[in-house]
$ cat query.cif   # mmCIF, C-alpha atoms
data_input
#
loop_
_atom_site.label_atom_id
_atom_site.label_comp_id
_atom_site.auth_asym_id
_atom_site.auth_seq_id
_atom_site.Cartn_x
_atom_site.Cartn_y
_atom_site.Cartn_z
CA ASP Z 1 -49.11 7.11 -67.84
CA LEU Z 2 -51.77 9.74 -67.29
CA LYS Z 3 -51.15 13.22 -68.59
CA LEU Z 4 -51.24 15.59 -65.63
CA GLY Z 5 -52.69 19.09 -65.87
CA LYS Z 6 -52.20 21.95 -63.46
CA LYS Z 7 -52.00 21.40 -59.72
CA VAL Z 8 -55.45 22.14 -58.29
CA ASN Z 9 -54.52 21.96 -54.64
CA GLU Z 10 -51.81 20.83 -52.27
CA GLY Z 11 -52.32 19.81 -48.68
CA LYS Z 12 -50.09 18.51 -45.93
CA THR Z 13 -50.25 14.90 -47.13
CA LYS Z 14 -51.44 15.00 -50.76
CA GLU Z 15 -51.47 16.87 -54.06
CA VAL Z 16 -54.39 17.19 -56.49
CA TYR Z 17 -53.89 17.47 -60.25
CA GLU Z 18 -56.27 18.04 -63.14
CA LEU Z 19 -56.50 15.28 -65.76
CA PRO Z 20 -56.95 16.84 -69.23
CA ASP Z 21 -57.72 13.46 -70.83
CA ILE Z 22 -60.44 12.61 -68.27
CA PRO Z 23 -62.78 15.62 -68.02
CA GLY Z 24 -64.32 16.09 -64.61
CA CYS Z 25 -61.68 14.00 -62.84
CA VAL Z 26 -58.52 14.69 -60.84
CA LEU Z 27 -55.54 12.68 -59.62
CA MET Z 28 -55.10 12.45 -55.84
CA GLN Z 29 -51.38 11.94 -55.20
CA SER Z 30 -50.34 11.00 -51.66
CA LYS Z 31 -47.09 12.13 -50.01
CA ASP Z 32 -44.64 10.32 -47.74
CA GLN Z 33 -45.42 12.81 -44.99
CA ILE Z 34 -47.09 12.49 -41.62
CA THR Z 35 -48.27 15.48 -39.59
CA ALA Z 36 -50.03 16.29 -36.34
CA GLY Z 37 -51.39 19.42 -34.71
CA ASN Z 38 -52.02 21.27 -37.99
CA ALA Z 39 -48.47 20.42 -39.08
CA ALA Z 40 -46.90 21.68 -35.86
CA ARG Z 41 -45.25 18.27 -35.95
CA LYS Z 42 -44.21 17.06 -39.41
CA ASP Z 43 -42.00 14.19 -40.54
CA ARG Z 44 -41.20 12.22 -43.63
CA MET Z 45 -42.27 8.57 -43.34
CA GLU Z 46 -40.97 6.47 -46.20
CA GLY Z 47 -43.75 4.42 -47.79
CA LYS Z 48 -46.62 6.31 -46.18
CA ALA Z 49 -48.01 7.45 -49.55
CA ALA Z 50 -48.52 3.86 -50.70
CA ILE Z 51 -49.95 2.82 -47.33
CA SER Z 52 -52.42 5.72 -47.30
CA ASN Z 53 -53.43 5.14 -50.92
CA THR Z 54 -54.11 1.44 -50.28
CA THR Z 55 -56.19 2.25 -47.20
CA THR Z 56 -58.23 4.97 -48.91
CA SER Z 57 -58.83 2.92 -52.05
CA CYS Z 58 -60.14 -0.09 -50.08
CA VAL Z 59 -62.36 2.02 -47.84
CA PHE Z 60 -63.88 3.97 -50.71
CA GLN Z 61 -64.43 0.78 -52.71
CA LEU Z 62 -66.26 -0.76 -49.75
CA LEU Z 63 -68.48 2.29 -49.34
CA GLN Z 64 -69.12 2.64 -53.06
CA GLU Z 65 -70.13 -1.02 -53.45
CA ALA Z 66 -72.47 -0.58 -50.48
CA GLY Z 67 -74.20 2.29 -52.29
CA ILE Z 68 -72.61 5.39 -50.74
CA LYS Z 69 -71.96 8.17 -53.25
CA THR Z 70 -68.26 9.00 -53.29
CA ALA Z 71 -65.79 10.90 -55.47
CA PHE Z 72 -63.59 7.79 -55.82
CA VAL Z 73 -63.21 6.43 -59.37
CA ARG Z 74 -60.35 3.94 -59.26
CA LYS Z 75 -56.90 3.26 -57.86
CA GLN Z 76 -54.37 4.49 -60.44
CA SER Z 77 -51.00 3.57 -58.93
CA ASP Z 78 -49.40 2.58 -55.65
CA THR Z 79 -49.54 6.16 -54.44
CA ALA Z 80 -52.43 7.78 -56.33
CA PHE Z 81 -56.10 7.35 -57.24
CA ILE Z 82 -58.48 9.02 -59.66
CA ALA Z 83 -61.47 10.89 -58.24
CA ALA Z 84 -64.29 13.04 -59.50
CA HIS Z 85 -63.37 16.71 -59.41
CA CYS Z 86 -65.19 18.30 -56.49
CA GLU Z 87 -65.33 21.70 -54.92
CA MET Z 88 -64.63 20.84 -51.31
CA ILE Z 89 -66.87 21.99 -48.48
CA PRO Z 90 -64.46 23.31 -45.79
CA ILE Z 91 -65.91 21.26 -42.94
CA GLU Z 92 -64.46 18.24 -41.18
CA TRP Z 93 -67.28 15.99 -40.03
CA VAL Z 94 -66.42 13.84 -37.01
CA CYS Z 95 -68.43 10.86 -35.80
CA ARG Z 96 -67.62 9.38 -32.39
CA ARG Z 97 -68.64 6.12 -30.73
CA ILE Z 98 -66.24 6.47 -27.78
CA ALA Z 99 -65.24 9.65 -25.96
CA THR Z 100 -61.51 10.27 -26.20
CA GLY Z 101 -59.00 12.82 -27.46
CA SER Z 102 -60.12 16.41 -27.99
CA PHE Z 103 -63.70 15.63 -26.94
CA LEU Z 104 -62.53 15.11 -23.35
CA LYS Z 105 -60.70 18.46 -23.34
CA ARG Z 106 -63.77 20.28 -24.61
CA ASN Z 107 -66.13 18.46 -22.25
CA PRO Z 108 -64.52 18.25 -18.81
CA GLY Z 109 -66.16 15.71 -16.54
CA VAL Z 110 -66.73 13.13 -19.27
CA LYS Z 111 -64.53 10.09 -18.68
CA GLU Z 112 -62.59 8.44 -21.47
CA GLY Z 113 -64.48 5.44 -22.76
CA TYR Z 114 -67.95 6.97 -22.50
CA LYS Z 115 -70.01 5.50 -25.35
CA PHE Z 116 -72.40 7.47 -27.51
CA TYR Z 117 -75.69 5.89 -28.60
CA PRO Z 118 -76.32 6.91 -31.35
CA PRO Z 119 -72.84 7.98 -32.46
CA LYS Z 120 -72.09 11.63 -31.75
CA ILE Z 121 -71.71 13.97 -34.74
CA GLU Z 122 -69.49 17.08 -34.58
CA MET Z 123 -68.20 19.48 -37.21
CA PHE Z 124 -65.11 21.66 -37.44
CA TYR Z 125 -64.42 24.52 -39.83
CA LYS Z 126 -61.15 24.02 -41.71
CA ASP Z 127 -59.01 26.95 -40.60
CA ASP Z 128 -55.44 26.06 -39.62
CA ALA Z 129 -54.73 29.56 -38.33
CA ASN Z 130 -57.50 29.16 -35.72
CA ASN Z 131 -56.93 25.44 -35.06
CA ASP Z 132 -60.08 24.28 -36.89
CA PRO Z 133 -62.77 25.71 -34.57
CA GLN Z 134 -65.85 23.67 -33.81
CA TRP Z 135 -68.96 24.84 -35.64
CA SER Z 136 -72.67 24.29 -35.16
CA GLU Z 137 -75.16 23.43 -37.89
CA GLU Z 138 -76.55 26.94 -37.55
CA GLN Z 139 -73.13 28.47 -38.28
CA LEU Z 140 -72.74 26.31 -41.36
CA ILE Z 141 -76.19 27.27 -42.66
CA GLU Z 142 -75.65 30.97 -41.96
CA ALA Z 143 -72.29 30.89 -43.77
CA LYS Z 144 -74.35 30.59 -46.99
CA PHE Z 145 -71.65 28.65 -48.80
CA CYS Z 146 -72.06 27.86 -52.48
CA PHE Z 147 -69.90 25.25 -54.23
CA ALA Z 148 -70.11 24.19 -57.88
CA GLY Z 149 -73.41 26.05 -58.06
CA LEU Z 150 -74.98 24.26 -55.08
CA SER Z 151 -76.01 26.42 -52.13
CA ILE Z 152 -75.38 24.79 -48.77
CA GLY Z 153 -78.58 25.13 -46.76
CA ARG Z 154 -80.57 23.10 -44.25
CA THR Z 155 -81.18 20.20 -46.67
CA GLU Z 156 -77.51 19.86 -47.58
CA VAL Z 157 -76.36 20.07 -43.95
CA ASP Z 158 -78.86 17.39 -42.93
CA ILE Z 159 -77.71 15.14 -45.78
CA MET Z 160 -74.06 15.46 -44.71
CA ALA Z 161 -74.91 14.80 -41.06
CA ARG Z 162 -76.98 11.70 -41.91
CA SER Z 163 -74.32 10.46 -44.32
CA THR Z 164 -71.58 10.89 -41.73
CA GLN Z 165 -73.40 8.62 -39.27
CA ALA Z 166 -74.17 6.00 -41.93
CA ILE Z 167 -70.58 5.95 -43.21
CA PHE Z 168 -69.24 5.58 -39.67
CA GLU Z 169 -71.65 2.73 -38.88
CA ILE Z 170 -70.76 0.87 -42.08
CA LEU Z 171 -67.04 1.08 -41.32
CA GLU Z 172 -67.61 0.25 -37.66
CA LYS Z 173 -69.53 -2.89 -38.65
CA SER Z 174 -66.87 -3.80 -41.22
CA TRP Z 175 -64.03 -3.73 -38.66
CA GLN Z 176 -65.89 -5.85 -36.09
CA PRO Z 177 -65.13 -9.26 -37.71
CA GLN Z 178 -61.44 -8.46 -37.16
CA ASN Z 179 -62.11 -7.62 -33.51
CA CYS Z 180 -61.20 -3.98 -34.08
CA THR Z 181 -63.14 -1.09 -32.57
CA LEU Z 182 -63.64 1.98 -34.73
CA VAL Z 183 -63.55 4.69 -32.08
CA ASP Z 184 -64.17 7.76 -34.24
CA LEU Z 185 -63.93 8.94 -37.84
CA LYS Z 186 -63.18 12.21 -39.66
CA ILE Z 187 -64.48 12.76 -43.21
CA GLU Z 188 -65.06 15.54 -45.72
CA PHE Z 189 -67.63 16.15 -48.44
CA GLY Z 190 -67.43 17.95 -51.76
CA VAL Z 191 -69.78 18.95 -54.55
CA ASN Z 192 -69.17 17.06 -57.80
CA ILE Z 193 -68.61 19.77 -60.44
CA LEU Z 194 -70.42 17.70 -63.09
CA THR Z 195 -73.39 16.21 -61.22
CA LYS Z 196 -73.76 19.07 -58.71
CA GLU Z 197 -74.40 16.58 -55.90
CA ILE Z 198 -72.78 16.18 -52.50
CA VAL Z 199 -70.45 13.19 -52.34
CA LEU Z 200 -67.96 11.78 -49.86
CA ALA Z 201 -64.59 13.13 -51.01
CA ASP Z 202 -60.96 13.68 -49.99
CA VAL Z 203 -59.45 10.54 -48.36
CA ILE Z 204 -60.16 8.08 -45.56
CA ASP Z 205 -56.87 6.63 -44.40
CA ASN Z 206 -55.12 5.90 -41.12
CA ASP Z 207 -55.01 9.64 -40.38
CA SER Z 208 -58.82 9.73 -40.45
CA TRP Z 209 -59.83 7.49 -37.57
CA ARG Z 210 -58.94 5.92 -34.25
CA LEU Z 211 -58.75 2.13 -34.41
CA TRP Z 212 -58.32 0.02 -31.27
CA PRO Z 213 -57.76 -3.76 -31.66
CA SER Z 214 -59.84 -5.62 -29.07
CA GLY Z 215 -61.18 -2.24 -27.95
CA ASP Z 216 -57.89 -1.61 -26.13
CA ARG Z 217 -56.45 1.88 -26.48
CA SER Z 218 -52.96 0.66 -25.59
CA GLN Z 219 -52.98 -1.31 -28.86
CA GLN Z 220 -53.97 1.70 -31.01
CA LYS Z 221 -52.91 1.40 -34.65
CA ASP Z 222 -53.88 4.84 -35.97
CA LYS Z 223 -52.12 8.21 -36.18
CA GLN Z 224 -52.66 8.79 -32.47
CA SER Z 225 -49.55 6.65 -31.92
CA TYR Z 226 -47.63 9.40 -33.74
CA ARG Z 227 -49.36 12.24 -31.86
CA ASP Z 228 -48.49 10.59 -28.54
CA LEU Z 229 -44.73 10.47 -29.22
CA LYS Z 230 -42.76 12.56 -26.75
CA GLU Z 231 -39.84 12.57 -29.18
CA VAL Z 232 -39.78 11.57 -32.84
CA THR Z 233 -36.80 9.25 -33.23
CA PRO Z 234 -36.11 6.92 -36.19
CA GLU Z 235 -37.09 3.98 -33.98
CA ALA Z 236 -40.33 5.67 -32.92
CA LEU Z 237 -41.19 6.51 -36.52
CA GLN Z 238 -40.65 2.87 -37.50
CA MET Z 239 -43.11 1.84 -34.78
CA VAL Z 240 -45.69 4.25 -36.23
CA LYS Z 241 -45.03 2.92 -39.73
CA ARG Z 242 -45.59 -0.66 -38.55
CA ASN Z 243 -48.97 0.42 -37.16
CA PHE Z 244 -49.91 1.96 -40.51
CA GLU Z 245 -48.79 -1.18 -42.34
CA TRP Z 246 -50.85 -3.31 -39.96
CA VAL Z 247 -53.96 -1.34 -40.92
CA ALA Z 248 -53.16 -1.39 -44.66
CA GLU Z 249 -52.82 -5.18 -44.59
CA ARG Z 250 -56.14 -5.68 -42.84
CA VAL Z 251 -58.16 -3.00 -44.60
CA GLU Z 252 -58.29 -5.21 -47.71
CA LEU Z 253 -60.21 -7.77 -45.64
CA LEU Z 254 -63.02 -5.23 -45.30
CA LEU Z 255 -63.93 -6.12 -48.89
CA LYS Z 256 -64.40 -9.79 -48.01
CA THR Z 257 -66.57 -11.85 -45.71
CA LYS Z 258 -66.30 -15.39 -44.41
CA SER Z 259 -70.05 -15.62 -43.96
CA GLN Z 260 -71.99 -17.36 -46.71
CA GLY Z 261 -75.72 -17.34 -47.32
CA ARG Z 262 -78.34 -17.98 -49.94
CA VAL Z 263 -82.03 -17.61 -50.62
CA VAL Z 264 -83.99 -20.53 -52.00
CA VAL Z 265 -87.31 -19.56 -53.56
CA LEU Z 266 -89.82 -22.40 -53.72
CA MET Z 267 -92.72 -21.79 -56.09
CA GLY Z 268 -95.84 -23.91 -56.11
CA SER Z 269 -96.26 -23.56 -59.87
CA PRO Z 270 -94.20 -22.41 -62.88
CA SER Z 271 -96.88 -19.77 -63.41
CA ASP Z 272 -95.35 -17.93 -60.42
CA LEU Z 273 -91.98 -17.57 -62.15
CA SER Z 274 -92.19 -13.83 -62.89
CA HIS Z 275 -92.99 -13.13 -59.22
CA CYS Z 276 -90.01 -15.25 -58.15
CA GLU Z 277 -87.62 -13.60 -60.58
CA LYS Z 278 -88.35 -10.28 -58.88
CA ILE Z 279 -87.20 -11.81 -55.60
CA LYS Z 280 -84.03 -13.12 -57.24
CA LYS Z 281 -83.29 -9.74 -58.80
CA ALA Z 282 -83.73 -7.97 -55.44
CA CYS Z 283 -81.45 -10.52 -53.74
CA ALA Z 284 -78.75 -9.71 -56.28
CA THR Z 285 -78.73 -6.06 -55.17
CA PHE Z 286 -77.64 -7.27 -51.72
CA GLY Z 287 -75.06 -9.67 -53.17
CA ILE Z 288 -77.04 -12.72 -52.03
CA PRO Z 289 -77.15 -15.85 -54.25
CA CYS Z 290 -80.67 -16.99 -55.03
CA GLU Z 291 -81.97 -20.28 -56.44
CA LEU Z 292 -85.45 -20.95 -57.83
CA ARG Z 293 -87.20 -24.33 -57.43
CA VAL Z 294 -90.65 -25.67 -58.28
CA THR Z 295 -92.44 -27.85 -55.75
CA SER Z 296 -95.95 -28.23 -54.33
CA ALA Z 297 -96.57 -29.08 -50.70
CA HIS Z 298 -100.11 -30.18 -51.64
CA LYS Z 299 -99.32 -32.34 -54.67
CA GLY Z 300 -95.86 -33.60 -53.76
CA PRO Z 301 -95.08 -33.15 -50.07
CA ASP Z 302 -92.40 -35.84 -50.15
CA GLU Z 303 -90.53 -33.96 -52.91
CA THR Z 304 -90.89 -30.67 -51.03
CA LEU Z 305 -89.27 -32.19 -47.94
CA ARG Z 306 -86.55 -33.81 -50.06
CA ILE Z 307 -85.65 -30.43 -51.58
CA LYS Z 308 -85.62 -28.93 -48.09
CA ALA Z 309 -83.20 -31.63 -46.87
CA GLU Z 310 -80.94 -31.00 -49.87
CA TYR Z 311 -80.32 -27.41 -48.73
CA GLU Z 312 -80.06 -28.30 -45.05
CA GLY Z 313 -77.29 -30.78 -45.66
CA ASP Z 314 -74.48 -28.65 -47.05
CA GLY Z 315 -74.08 -26.25 -44.12
CA ILE Z 316 -74.76 -23.03 -46.03
CA PRO Z 317 -77.09 -20.66 -44.10
CA THR Z 318 -80.34 -20.53 -46.05
CA VAL Z 319 -83.56 -18.55 -46.04
CA PHE Z 320 -86.50 -20.20 -47.78
CA VAL Z 321 -89.11 -18.06 -49.52
CA ALA Z 322 -92.40 -19.81 -50.21
CA VAL Z 323 -94.31 -18.54 -53.24
CA ALA Z 324 -97.72 -20.18 -53.48
CA GLY Z 325 -101.04 -18.74 -54.58
CA ARG Z 326 -104.55 -19.80 -53.58
CA SER Z 327 -104.20 -22.06 -50.53
CA ASN Z 328 -100.64 -21.67 -49.28
CA GLY Z 329 -99.52 -24.95 -47.78
CA LEU Z 330 -95.96 -24.54 -48.96
CA GLY Z 331 -94.76 -21.99 -46.40
CA PRO Z 332 -96.40 -23.61 -43.33
CA VAL Z 333 -95.19 -27.10 -44.31
CA MET Z 334 -91.65 -25.82 -44.76
CA SER Z 335 -91.76 -23.85 -41.50
CA GLY Z 336 -93.00 -26.88 -39.57
CA ASN Z 337 -90.20 -29.09 -40.87
CA THR Z 338 -87.06 -26.94 -40.83
CA ALA Z 339 -85.18 -24.81 -38.32
CA TYR Z 340 -84.16 -22.45 -41.13
CA PRO Z 341 -86.09 -19.20 -41.60
CA VAL Z 342 -89.09 -19.34 -43.94
CA VAL Z 343 -90.99 -16.33 -45.27
CA ASN Z 344 -94.22 -16.41 -47.28
CA CYS Z 345 -94.43 -14.21 -50.37
CA PRO Z 346 -97.70 -15.20 -52.07
CA PRO Z 347 -98.55 -13.83 -55.53
CA LEU Z 348 -102.04 -12.46 -55.01
CA SER Z 349 -104.67 -12.28 -57.74
CA ALA Z 350 -107.06 -9.37 -58.13
CA ASP Z 351 -110.12 -11.62 -57.78
CA TRP Z 352 -109.19 -13.81 -54.81
CA GLY Z 353 -106.22 -12.07 -53.21
CA THR Z 354 -108.11 -10.94 -50.11
CA GLN Z 355 -109.29 -14.47 -49.35
CA ASP Z 356 -106.09 -16.29 -50.40
CA VAL Z 357 -103.77 -14.28 -48.16
CA TRP Z 358 -105.36 -15.72 -45.02
CA SER Z 359 -103.77 -19.11 -45.74
CA SER Z 360 -100.39 -17.40 -45.32
CA LEU Z 361 -101.34 -15.30 -42.29
CA ARG Z 362 -103.45 -17.73 -40.25
CA LEU Z 363 -101.04 -20.51 -39.27
CA PRO Z 364 -101.15 -23.41 -36.81
CA SER Z 365 -99.37 -22.96 -33.50
CA GLY Z 366 -95.66 -23.67 -33.39
CA LEU Z 367 -94.90 -22.10 -36.77
CA GLY Z 368 -92.85 -18.95 -37.24
CA CYS Z 369 -93.45 -18.02 -40.84
CA PRO Z 370 -93.92 -14.30 -41.55
CA THR Z 371 -95.63 -13.04 -44.70
CA THR Z 372 -94.70 -10.19 -47.01
CA LEU Z 373 -96.55 -9.42 -50.23
CA SER Z 374 -93.67 -7.57 -51.87
CA PRO Z 375 -90.98 -9.60 -53.69
CA GLU Z 376 -88.46 -6.89 -52.83
CA GLY Z 377 -89.62 -7.06 -49.20
CA ALA Z 378 -88.95 -10.80 -49.09
CA ALA Z 379 -85.40 -10.24 -50.37
CA GLN Z 380 -84.84 -7.49 -47.81
CA PHE Z 381 -86.11 -9.75 -45.02
CA ALA Z 382 -83.51 -12.35 -46.02
CA ALA Z 383 -80.80 -9.68 -46.27
CA GLN Z 384 -81.56 -8.47 -42.74
CA ILE Z 385 -81.05 -12.01 -41.46
CA PHE Z 386 -77.75 -12.49 -43.29
CA GLY Z 387 -76.65 -8.97 -42.38
CA LEU Z 388 -76.37 -10.00 -38.73
CA ASN Z 389 -73.18 -11.91 -39.61
CA ASN Z 390 -72.21 -10.47 -43.00
CA HIS Z 391 -70.96 -6.88 -42.91
CA LEU Z 392 -71.12 -6.50 -46.71
CA VAL Z 393 -74.84 -7.28 -46.77
CA TRP Z 394 -75.41 -5.07 -43.72
CA ALA Z 395 -73.56 -2.22 -45.43
CA LYS Z 396 -75.93 -2.38 -48.41
CA LEU Z 397 -78.94 -2.35 -46.10
CA ARG Z 398 -77.59 0.65 -44.19
CA SER Z 399 -76.78 2.49 -47.41
CA ASN Z 400 -80.29 1.81 -48.75
CA MET Z 401 -81.75 3.40 -45.63
CA LEU Z 402 -79.59 6.47 -46.12
CA ASN Z 403 -80.32 6.85 -49.83
CA THR Z 404 -84.07 6.50 -49.27
CA TRP Z 405 -83.92 9.22 -46.62
CA ILE Z 406 -81.85 11.49 -48.90
CA SER Z 407 -84.26 11.06 -51.82
CA LEU Z 408 -87.19 12.08 -49.60
CA LYS Z 409 -85.25 15.07 -48.25
CA GLN Z 410 -84.39 16.25 -51.76
CA ALA Z 411 -87.96 15.70 -53.00
CA ASP Z 412 -89.26 17.85 -50.15
CA LYS Z 413 -86.76 20.60 -51.00
CA LYS Z 414 -87.74 20.51 -54.67
CA LEU Z 415 -91.44 20.68 -53.83
CA ARG Z 416 -90.95 23.66 -51.53
CA GLU Z 417 -88.92 25.48 -54.17
CA CYS Z 418 -91.66 24.90 -56.75
CA THR Z 419 -94.31 26.12 -54.31
CA LEU Z 420 -92.36 29.27 -53.48
#
$ encode --input "query.cif" --output "C-alpha cells"
Amino acid sequence: DLKLGKKVNEGKTKEVYELPDIPGCVLMQSKDQITAGNAARKDRMEGKAAISNTTTSCVFQLLQEAGIKTAFVRKQSDTAFIAAHCEMIPIEWVCRRIATGSFLKRNPGVKEGYKFYPPKIEMFYKDDANNDPQWSEEQLIEAKFCFAGLSIGRTEVDIMARSTQAIFEILEKSWQPQNCTLVDLKIEFGVNILTKEIVLADVIDNDSWRLWPSGDRSQQKDKQSYRDLKEVTPEALQMVKRNFEWVAERVELLLKTKSQGRVVVLMGSPSDLSHCEKIKKACATFGIPCELRVTSAHKGPDETLRIKAEYEGDGIPTVFVAVAGRSNGLGPVMSGNTAYPVVNCPPLSADWGTQDVWSSLRLPSGLGCPTTLSPEGAAQFAAQIFGLNNHLVWAKLRSNMLNTWISLKQADKKLRECTL
C-alpha cells in the first residue's frame, strides 16, 4: 500500500519509483521479462518478477547480515523491494572463478574451465549502443565521475574492486553446502544519496551469475540456459523458468546452516567475569552461542573435567576458552583431556602480567593450546574454526576483513586531503 512517486528509472527487467512517504528510499519493481544480448533477445516469462525478487531479497539479506553495506532495505511484495535511493555508478563489475562465456572470446587460447586464484575482477562500462565495452581501472579513474557529491577516484575504485571479490567469495562459500559452483558474478554499485557512501545496489538475481550444480556446466540453472536457446519456443521458455524456480527455492537456504557450534568460556574465578563477557559479546557478532562457567583446575580438577565431559557428550562442536590469571592450569588441563579446541585468554594484571603469561605460553609437550590476550581475538579464533563448516560465520569473518580494509583506505584518503 505504498504511495508511489515519479518513476526514477526503467530498465529491461525492472522499474524504480520514488517513495514520497519514505525519504531517501525507492521501490524496485521487477518485470516478467527476460532478455539477452542487450535485449537483442527479449521475451515475457510469466512469474519471473516474483522469482527475481525472491532471489535478490535473499541474497541481499545474506550479504547485509554478514556486514556488507547494501542499498537493500526490505522485501515489500512478491515482486518488489524497498532500497536506499542511490545514484548508480555506470559500471558492471564481474568476478570470475572459472573461465567461460565472453572471457574465452576475449582471451583466445584459454580453455573453458580454467580457474582463477584469486578470482579475476573485470569491469564493463554500461553502454548498450557499444555492447558494454570493457574498461580498465585507469579509464574509470580518468572519467572523473561524480555521483551524489562523491567523486570517483582511486580510493573509490579500489573499494569497489575489493568489495566485488569479497561479495563473490561470500556467495561462492554460501552455495557450496548445496554442491553448487558459483562460476562468476555481475554486480553494480551506487552512491547512497543520504550517506554519500558507496554501497552494493541494483539487484543480484539469476540474471547476475552462472551457477553450475555439481560444477557441471550441462546442469546450468542460470540465464545462460536462455542465452543458449537456438529458438525460443513455449516449451523452451518453460525449461528456463524451471531453472529459475530451482534457484529461487534454494536461495532461501543460503540464509540457513546445518552446522552448529558454541563457545564455552571457563573462568578460574568470578573476578574474571568482565573479561569473559567481552568474549561473549564478540562471539555474538559472529552469531555464535557462548556460555560462561566458573571452575578452577587447581582447586577443583574433578569438577573441571566433569564440566568438560558435559559439553563433549551432546555432539555440538565446541571451542573452549580458558580464562585464568596468575598460574594458568585451566587451559593446559583442558587441552590435555579433550580433543576439542582450547584457547587460552588470560586476563593479565599490570603488576604481574609479564610473568603470569608464561604459564599460558610455556606448555608441556603434547598440548595444542594457543594463547591470545584479546577477548575479541579469542572469539575470532573460535569463529575461524566454525567458519570452516558454517558459511554464515565465514561470511561475517570475510566481511570484517573487507570493512577493516575499507576503513583504513578511507582514513588514508582523509589524511591526505587534510595534508594537501
$ resolve_selection --input "query.cif" --expression "the PyMOL selection byres ((chain Z and resi 106-112) around 12)" --output "PyMOL selection string"
chain Z and resi 97-105+113-116+122+133-134+183+217
$ write_last_selection --input "query.cif" --atoms "C-alpha atoms" --output "PDB file, in the coordinates of the input"
ATOM      1  CA  ARG Z  97     -68.640   6.120 -30.730  1.00  0.00           C
ATOM      2  CA  ILE Z  98     -66.240   6.470 -27.780  1.00  0.00           C
ATOM      3  CA  ALA Z  99     -65.240   9.650 -25.960  1.00  0.00           C
ATOM      4  CA  THR Z 100     -61.510  10.270 -26.200  1.00  0.00           C
ATOM      5  CA  GLY Z 101     -59.000  12.820 -27.460  1.00  0.00           C
ATOM      6  CA  SER Z 102     -60.120  16.410 -27.990  1.00  0.00           C
ATOM      7  CA  PHE Z 103     -63.700  15.630 -26.940  1.00  0.00           C
ATOM      8  CA  LEU Z 104     -62.530  15.110 -23.350  1.00  0.00           C
ATOM      9  CA  LYS Z 105     -60.700  18.460 -23.340  1.00  0.00           C
ATOM     10  CA  GLY Z 113     -64.480   5.440 -22.760  1.00  0.00           C
ATOM     11  CA  TYR Z 114     -67.950   6.970 -22.500  1.00  0.00           C
ATOM     12  CA  LYS Z 115     -70.010   5.500 -25.350  1.00  0.00           C
ATOM     13  CA  PHE Z 116     -72.400   7.470 -27.510  1.00  0.00           C
ATOM     14  CA  GLU Z 122     -69.490  17.080 -34.580  1.00  0.00           C
ATOM     15  CA  PRO Z 133     -62.770  25.710 -34.570  1.00  0.00           C
ATOM     16  CA  GLN Z 134     -65.850  23.670 -33.810  1.00  0.00           C
ATOM     17  CA  VAL Z 183     -63.550   4.690 -32.080  1.00  0.00           C
ATOM     18  CA  ARG Z 217     -56.450   1.880 -26.480  1.00  0.00           C
TER      19      ARG Z 217
END
$ closest_atom_pairs --input "query.cif" --of "region 166-262 of chain Z" --to "region 40-48 of chain Z" --cutoff "10 Å" --atoms "only C-alpha atoms" --output "JSON lines"
{"residue": "Z:Asn206", "atom": "CA", "partner": "Z:Lys48", "partner_atom": "CA", "distance": 9.9}
{"residue": "Z:Tyr226", "atom": "CA", "partner": "Z:Arg41", "partner_atom": "CA", "distance": 9.4}
{"residue": "Z:Arg227", "atom": "CA", "partner": "Z:Arg41", "partner_atom": "CA", "distance": 8.4}
{"residue": "Z:Val232", "atom": "CA", "partner": "Z:Asp43", "partner_atom": "CA", "distance": 8.4}
{"residue": "Z:Pro234", "atom": "CA", "partner": "Z:Met45", "partner_atom": "CA", "distance": 9.6}
{"residue": "Z:Leu237", "atom": "CA", "partner": "Z:Met45", "partner_atom": "CA", "distance": 7.2}
{"residue": "Z:Gln238", "atom": "CA", "partner": "Z:Met45", "partner_atom": "CA", "distance": 8.3}
{"residue": "Z:Val240", "atom": "CA", "partner": "Z:Met45", "partner_atom": "CA", "distance": 9.0}
{"residue": "Z:Lys241", "atom": "CA", "partner": "Z:Met45", "partner_atom": "CA", "distance": 7.3}
{"residue": "Z:Phe244", "atom": "CA", "partner": "Z:Lys48", "partner_atom": "CA", "distance": 7.9}
{"residue": "Z:Glu245", "atom": "CA", "partner": "Z:Lys48", "partner_atom": "CA", "distance": 8.7}
$ resolve_selection --input "query.cif" --expression "the PyMOL selection byres ((chain Z and resi 391-401) around 9)" --output "PyMOL selection string"
chain Z and resi 62-63+65-68+163+166-167+169-171+173-177+254-257+259+285-288+380+383-384+386-390+402-406
$ atom_distance --input "query.cif" --atom1 "CA of Gly190 (chain Z)" --atom2 "CA of Gly37 (chain Z)"
23.5 Å
$ resolve_selection --input "query.cif" --expression "the PyMOL selection byres ((chain Z and resi 2) around 10)" --output "number ranges by chain"
Z: 1, 3-5, 19-22, 27, 76
$ atom_distance --input "query.cif" --atom1 "CA of Thr295 (chain Z)" --atom2 "CA of Ser269 (chain Z)"
7.1 Å
$ residues_around --input "query.cif" --residues "Asp78 (chain Z)" --least-positions-apart "6" --cutoff "12 Å" --atoms "only C-alpha atoms" --output "list in words"
Met28, Gln29, Ser30, Lys31, Gly47, Lys48, Ala49, Ala50, Ile51, Ser52, Asn53, Thr54, Thr55, Thr56 and Ser57 of chain Z
$ residues_around --input "query.cif" --residues "Cys180 (chain Z)" --least-positions-apart "2" --cutoff "7 Å" --atoms "all atoms listed in the file" --output "list in words"
Trp175, Gln176, Gln178, Leu182, Leu211, Trp212, Pro213, Ser214 and Gly215 of chain Z
$ atom_distance --input "query.cif" --atom1 "CA of Lys120 (chain Z)" --atom2 "CA of Glu142 (chain Z)"
22.2 Å
$ residues_around --input "query.cif" --residues "Thr372 (chain Z)" --least-positions-apart "6" --cutoff "8 Å" --atoms "only C-alpha atoms" --output "ChimeraX atom specification"
/Z:343-346,378
$ axis_aligned_box --input "query.cif" --around "region 71-78 of chain Z" --padding-each-side "4 Å" --output "JSON"
{"center_x": -57.6, "center_y": 6.7, "center_z": -58.0, "size_x": 24.4, "size_y": 16.3, "size_z": 13.0}
$ residues_near_point --input "query.cif" --point "(-81.8, -24.5, -55.6)" --cutoff "10 Å" --atoms "all atoms listed in the file" --output "list of chain:residue names"
Z:Arg262, Z:Val263, Z:Val264, Z:Val265, Z:Leu266, Z:Pro289, Z:Cys290, Z:Glu291, Z:Leu292, Z:Arg293, Z:Val294, Z:Ile307, Z:Lys308, Z:Glu310, Z:Tyr311
